[in-house]
Amino acid sequence: MITPGSISETKIPEANIMTVLIDKTGRVYMTLDRKDNKLAVLEEIGKDYNIAFTPEQKRSFVDQPIIGMPVSVLPEFLNKRLEDQDKLLKQYSIPNDSTNNQFRQWVMHATTINKDLSIAIKADETTPYPIIKKVLDVMMGLKLYRYHLVTVLDA
């Protein structure tokens, strides 16, 4: 077992937090713990992409804990049952490439709506570093320099 040279015992806040999850295949997801923030962010994304979400879609978005869809398929995704959404999430992620960086939009709106939002970025040792770097570059580009980087999750 390799132990990093620097380990912090800082507790990650349990409330008022945005969590960015990066899986070992490089897919990027987000969570927002406050439903009011989540709804406000969805409304801003709707404005950005000219999408008018229905009240049912908004309710579905707030009920689904994970944000992880390209905006182009989001309305159709939100029309599905929660169980079906969970299955679909494994096929998608938030686009974060240079030509279509929707991840940046989600983070920008979340941190603009809630200036006191804590940020946690979770990945593990098998997550490709270039993907982690892209996420960190988005944070730096938005002048977000304070976040918790979690690389090992306790079982």
# chains A, B, ... in the order shown; residues from 1 in each chain; ligands from 1

call {"tool": "closest_atom_pairs", "arguments": {"of": "region 13-71 of chain A", "to": "region 102-107 of chain A", "cutoff": "10 Å", "atoms": "only C-alpha atoms", "output": "tab-separated table"}}
result
residue	atom	partner	partner_atom	distance
A:Met18	CA	A:Val107	CA	8.6
A:Val20	CA	A:Val107	CA	9.3
A:Val28	CA	A:Phe103	CA	8.1
A:Tyr29	CA	A:Phe103	CA	8.6
A:Met30	CA	A:Trp106	CA	8.6
A:Lys38	CA	A:Trp106	CA	9.9
A:Val41	CA	A:Trp106	CA	7.0
A:Leu42	CA	A:Trp106	CA	8.4
A:Glu44	CA	A:Trp106	CA	8.8
A:Ile45	CA	A:Trp106	CA	7.2
A:Asp48	CA	A:Gln105	CA	8.6
A:Ile67	CA	A:Trp106	CA	9.1
A:Gly68	CA	A:Phe103	CA	9.2
A:Met69	CA	A:Gln102	CA	9.5
A:Pro70	CA	A:Gln102	CA	7.4
A:Val71	CA	A:Gln102	CA	7.7

call {"tool": "write_last_selection", "arguments": {"atoms": "C-alpha atoms", "output": "PDB file, in the first residue's frame"}}
result
ATOM      1  CA  MET A  18     -21.377  20.280  -4.147  1.00  0.00           C
ATOM      2  CA  VAL A  20     -17.921  16.212  -8.057  1.00  0.00           C
ATOM      3  CA  VAL A  28     -17.875  13.127 -14.352  1.00  0.00           C
ATOM      4  CA  TYR A  29     -20.981  13.516 -12.181  1.00  0.00           C
ATOM      5  CA  MET A  30     -22.145  16.055  -9.604  1.00  0.00           C
ATOM      6  CA  LYS A  38     -30.368  22.297  -7.446  1.00  0.00           C
ATOM      7  CA  VAL A  41     -29.137  25.631 -11.205  1.00  0.00           C
ATOM      8  CA  LEU A  42     -31.430  23.610 -13.491  1.00  0.00           C
ATOM      9  CA  GLU A  44     -30.132  28.577 -15.264  1.00  0.00           C
ATOM     10  CA  ILE A  45     -29.014  25.639 -17.421  1.00  0.00           C
ATOM     11  CA  ASP A  48     -28.348  28.680 -21.283  1.00  0.00           C
ATOM     12  CA  ILE A  67     -26.392  15.177 -12.088  1.00  0.00           C
ATOM     13  CA  GLY A  68     -24.748  13.316 -14.935  1.00  0.00           C
ATOM     14  CA  MET A  69     -26.347  13.842 -18.322  1.00  0.00           C
ATOM     15  CA  PRO A  70     -25.538  15.888 -21.368  1.00  0.00           C
ATOM     16  CA  VAL A  71     -28.065  18.731 -21.489  1.00  0.00           C
TER      17      VAL A  71
END

call {"tool": "select_by_dssp", "arguments": {"residues": "region 23-89 of chain A", "states": "strand (DSSP E or B)", "output": "PyMOL selection string"}}
result
chain A and resi 28-32+67

call {"tool": "residues_around", "arguments": {"residues": "Asn114 (chain A)", "least_positions_apart": "4", "cutoff": "9 Å", "atoms": "only C-alpha atoms", "output": "list in words"}}
result
Asn16, Asn37, His109 and Ala110 of chain A

call {"tool": "residues_around", "arguments": {"residues": "Thr126 (chain A)", "least_positions_apart": "6", "cutoff": "9 Å", "atoms": "only C-alpha atoms", "output": "list in words"}}
result
Asp23, Lys24 and Thr25 of chain A

call {"tool": "write_last_selection", "arguments": {"atoms": "N, CA and C atoms", "output": "CSV table (one decimal), in the first residue's frame"}}
result
chain,number,residue,atom,x,y,z
A,23,ASP,N,-15.4,8.9,-12.0
A,23,ASP,CA,-15.2,7.5,-11.9
A,23,ASP,C,-13.9,7.0,-12.6
A,24,LYS,N,-13.6,5.7,-12.4
A,24,LYS,CA,-12.3,5.2,-13.0
A,24,LYS,C,-12.3,5.2,-14.5
A,25,THR,N,-13.4,5.4,-15.2
A,25,THR,CA,-13.4,5.5,-16.6
A,25,THR,C,-13.4,6.9,-17.1

call {"tool": "atom_distance", "arguments": {"atom1": "CA of Phe53 (chain A)", "atom2": "CA of Pro75 (chain A)"}}
result
6.9 Å

call {"tool": "residues_around", "arguments": {"residues": "Leu142 (chain A)", "least_positions_apart": "2", "cutoff": "10 Å", "atoms": "only C-alpha atoms", "output": "list in words"}}
result
Arg104, Gln105, Val107, Met108, Thr111, Leu136, Asp137, Val138, Met139, Met140, Leu144 and Tyr145 of chain A

call {"tool": "write_last_selection", "arguments": {"atoms": "N, CA and C atoms", "output": "JSON list (two decimals), in the first residue's frame"}}
result
[["chain", "number", "residue", "atom", "x", "y", "z"],
["A", 104, "ARG", "N", -18.46, 22.88, -16.80],
["A", 104, "ARG", "CA", -18.13, 24.25, -16.37],
["A", 104, "ARG", "C", -19.40, 25.05, -16.10],
["A", 105, "GLN", "N", -20.42, 24.91, -16.97],
["A", 105, "GLN", "CA", -21.68, 25.64, -16.79],
["A", 105, "GLN", "C", -22.36, 25.24, -15.48],
["A", 107, "VAL", "N", -21.02, 23.95, -12.76],
["A", 107, "VAL", "CA", -20.25, 24.43, -11.61],
["A", 107, "VAL", "C", -20.40, 25.94, -11.46],
["A", 108, "MET", "N", -20.32, 26.67, -12.56],
["A", 108, "MET", "CA", -20.45, 28.13, -12.52],
["A", 108, "MET", "C", -21.80, 28.53, -11.91],
["A", 111, "THR", "N", -22.04, 27.63, -8.07],
["A", 111, "THR", "CA", -21.26, 28.49, -7.18],
["A", 111, "THR", "C", -21.68, 29.96, -7.26],
["A", 136, "LEU", "N", -10.00, 20.04, -12.29],
["A", 136, "LEU", "CA", -9.29, 21.07, -11.53],
["A", 136, "LEU", "C", -9.08, 22.33, -12.37],
["A", 137, "ASP", "N", -8.83, 22.16, -13.66],
["A", 137, "ASP", "CA", -8.68, 23.33, -14.55],
["A", 137, "ASP", "C", -9.97, 24.14, -14.62],
["A", 138, "VAL", "N", -11.12, 23.45, -14.64],
["A", 138, "VAL", "CA", -12.41, 24.16, -14.62],
["A", 138, "VAL", "C", -12.52, 24.98, -13.34],
["A", 139, "MET", "N", -12.16, 24.37, -12.21],
["A", 139, "MET", "CA", -12.23, 25.08, -10.92],
["A", 139, "MET", "C", -11.34, 26.32, -10.96],
["A", 140, "MET", "N", -10.12, 26.15, -11.43],
["A", 140, "MET", "CA", -9.20, 27.29, -11.49],
["A", 140, "MET", "C", -9.71, 28.36, -12.45],
["A", 144, "LEU", "N", -12.11, 29.15, -8.45],
["A", 144, "LEU", "CA", -12.52, 28.36, -7.29],
["A", 144, "LEU", "C", -11.29, 27.59, -6.81],
["A", 145, "TYR", "N", -10.64, 28.13, -5.79],
["A", 145, "TYR", "CA", -9.37, 27.57, -5.35],
["A", 145, "TYR", "C", -9.49, 26.75, -4.07]]

call {"tool": "select_by_dssp", "arguments": {"residues": "region 120-154 of chain A", "states": "helix (DSSP H, G or I)", "output": "PyMOL selection string"}}
result
chain A and resi 129-141

call {"tool": "residues_around", "arguments": {"residues": "Ile66 (chain A)", "least_positions_apart": "5", "cutoff": "12 Å", "atoms": "only C-alpha atoms", "output": "JSON, numbers by chain"}}
result
{"A": [18, 19, 20, 21, 28, 29, 30, 31, 32, 33, 35, 38, 60, 61, 78, 82, 85, 86, 87, 88, 89, 90, 92, 93, 94]}

call {"tool": "write_last_selection", "arguments": {"atoms": "N, CA and C atoms", "output": "short mmCIF file (atom, residue, chain, number, x, y, z; two decimals), in the first residue's frame"}}
result
data_model
loop_
_atom_site.label_atom_id
_atom_site.label_comp_id
_atom_site.auth_asym_id
_atom_site.auth_seq_id
_atom_site.Cartn_x
_atom_site.Cartn_y
_atom_site.Cartn_z
N MET A 18 -21.33 20.83 -2.79
CA MET A 18 -21.38 20.28 -4.15
C MET A 18 -20.28 19.23 -4.21
N THR A 19 -20.63 18.04 -4.64
CA THR A 19 -19.64 16.97 -4.77
C THR A 19 -19.49 16.64 -6.25
N VAL A 20 -18.25 16.63 -6.70
CA VAL A 20 -17.92 16.21 -8.06
C VAL A 20 -17.36 14.80 -7.95
N LEU A 21 -17.96 13.87 -8.67
CA LEU A 21 -17.54 12.48 -8.64
C LEU A 21 -16.91 12.13 -9.98
N VAL A 28 -17.74 12.09 -15.38
CA VAL A 28 -17.88 13.13 -14.35
C VAL A 28 -19.35 13.31 -14.01
N TYR A 29 -19.63 13.32 -12.71
CA TYR A 29 -20.98 13.52 -12.18
C TYR A 29 -20.91 14.57 -11.09
N MET A 30 -22.07 15.08 -10.69
CA MET A 30 -22.15 16.06 -9.60
C MET A 30 -23.33 15.75 -8.71
N THR A 31 -23.24 16.22 -7.48
CA THR A 31 -24.40 16.25 -6.60
C THR A 31 -24.44 17.62 -5.93
N LEU A 32 -25.63 18.06 -5.63
CA LEU A 32 -25.85 19.27 -4.83
C LEU A 32 -26.80 18.87 -3.72
N ASP A 33 -26.43 19.11 -2.49
CA ASP A 33 -27.27 18.62 -1.39
C ASP A 33 -28.50 19.48 -1.12
N LYS A 35 -31.79 21.16 -2.27
CA LYS A 35 -32.75 21.04 -3.37
C LYS A 35 -33.08 22.40 -3.98
N LYS A 38 -30.32 23.20 -6.30
CA LYS A 38 -30.37 22.30 -7.45
C LYS A 38 -31.40 22.77 -8.48
N SER A 60 -38.50 15.82 -10.95
CA SER A 60 -37.67 14.65 -11.21
C SER A 60 -36.19 14.99 -11.02
N PHE A 61 -35.77 16.16 -11.49
CA PHE A 61 -34.37 16.58 -11.36
C PHE A 61 -33.98 16.72 -9.90
N LEU A 78 -35.33 13.11 -17.74
CA LEU A 78 -36.17 13.50 -16.61
C LEU A 78 -37.61 13.01 -16.75
N LEU A 82 -37.41 7.14 -11.80
CA LEU A 82 -36.13 7.23 -11.11
C LEU A 82 -35.29 5.96 -11.31
N GLN A 85 -33.82 6.06 -14.65
CA GLN A 85 -32.79 7.09 -14.69
C GLN A 85 -31.48 6.54 -14.15
N ASP A 86 -31.56 5.80 -13.04
CA ASP A 86 -30.35 5.25 -12.42
C ASP A 86 -29.60 4.34 -13.40
N LYS A 87 -30.32 3.56 -14.17
CA LYS A 87 -29.70 2.68 -15.17
C LYS A 87 -29.04 3.50 -16.28
N LEU A 88 -29.72 4.55 -16.71
CA LEU A 88 -29.19 5.39 -17.80
C LEU A 88 -27.94 6.17 -17.38
N LEU A 89 -27.86 6.53 -16.11
CA LEU A 89 -26.71 7.32 -15.64
C LEU A 89 -25.39 6.61 -15.93
N LYS A 90 -25.40 5.29 -15.92
CA LYS A 90 -24.17 4.53 -16.16
C LYS A 90 -23.67 4.67 -17.60
N TYR A 92 -23.90 7.64 -19.35
CA TYR A 92 -23.62 9.04 -19.65
C TYR A 92 -22.71 9.67 -18.60
N SER A 93 -22.38 10.91 -18.84
CA SER A 93 -21.72 11.75 -17.85
C SER A 93 -21.87 13.19 -18.31
N ILE A 94 -21.46 14.12 -17.48
CA ILE A 94 -21.52 15.53 -17.86
C ILE A 94 -20.37 15.80 -18.82
#

call {"tool": "closest_residue", "arguments": {"among": "A:Ala40, A:Lys134, A:Gln91, A:Ala52", "to": "Thr112 (chain A)", "atoms": "only C-alpha atoms"}}
result
A:Ala40

call {"tool": "atom_distance", "arguments": {"atom1": "CA of Arg81 (chain A)", "atom2": "CA of Ile113 (chain A)"}}
result
27.8 Å
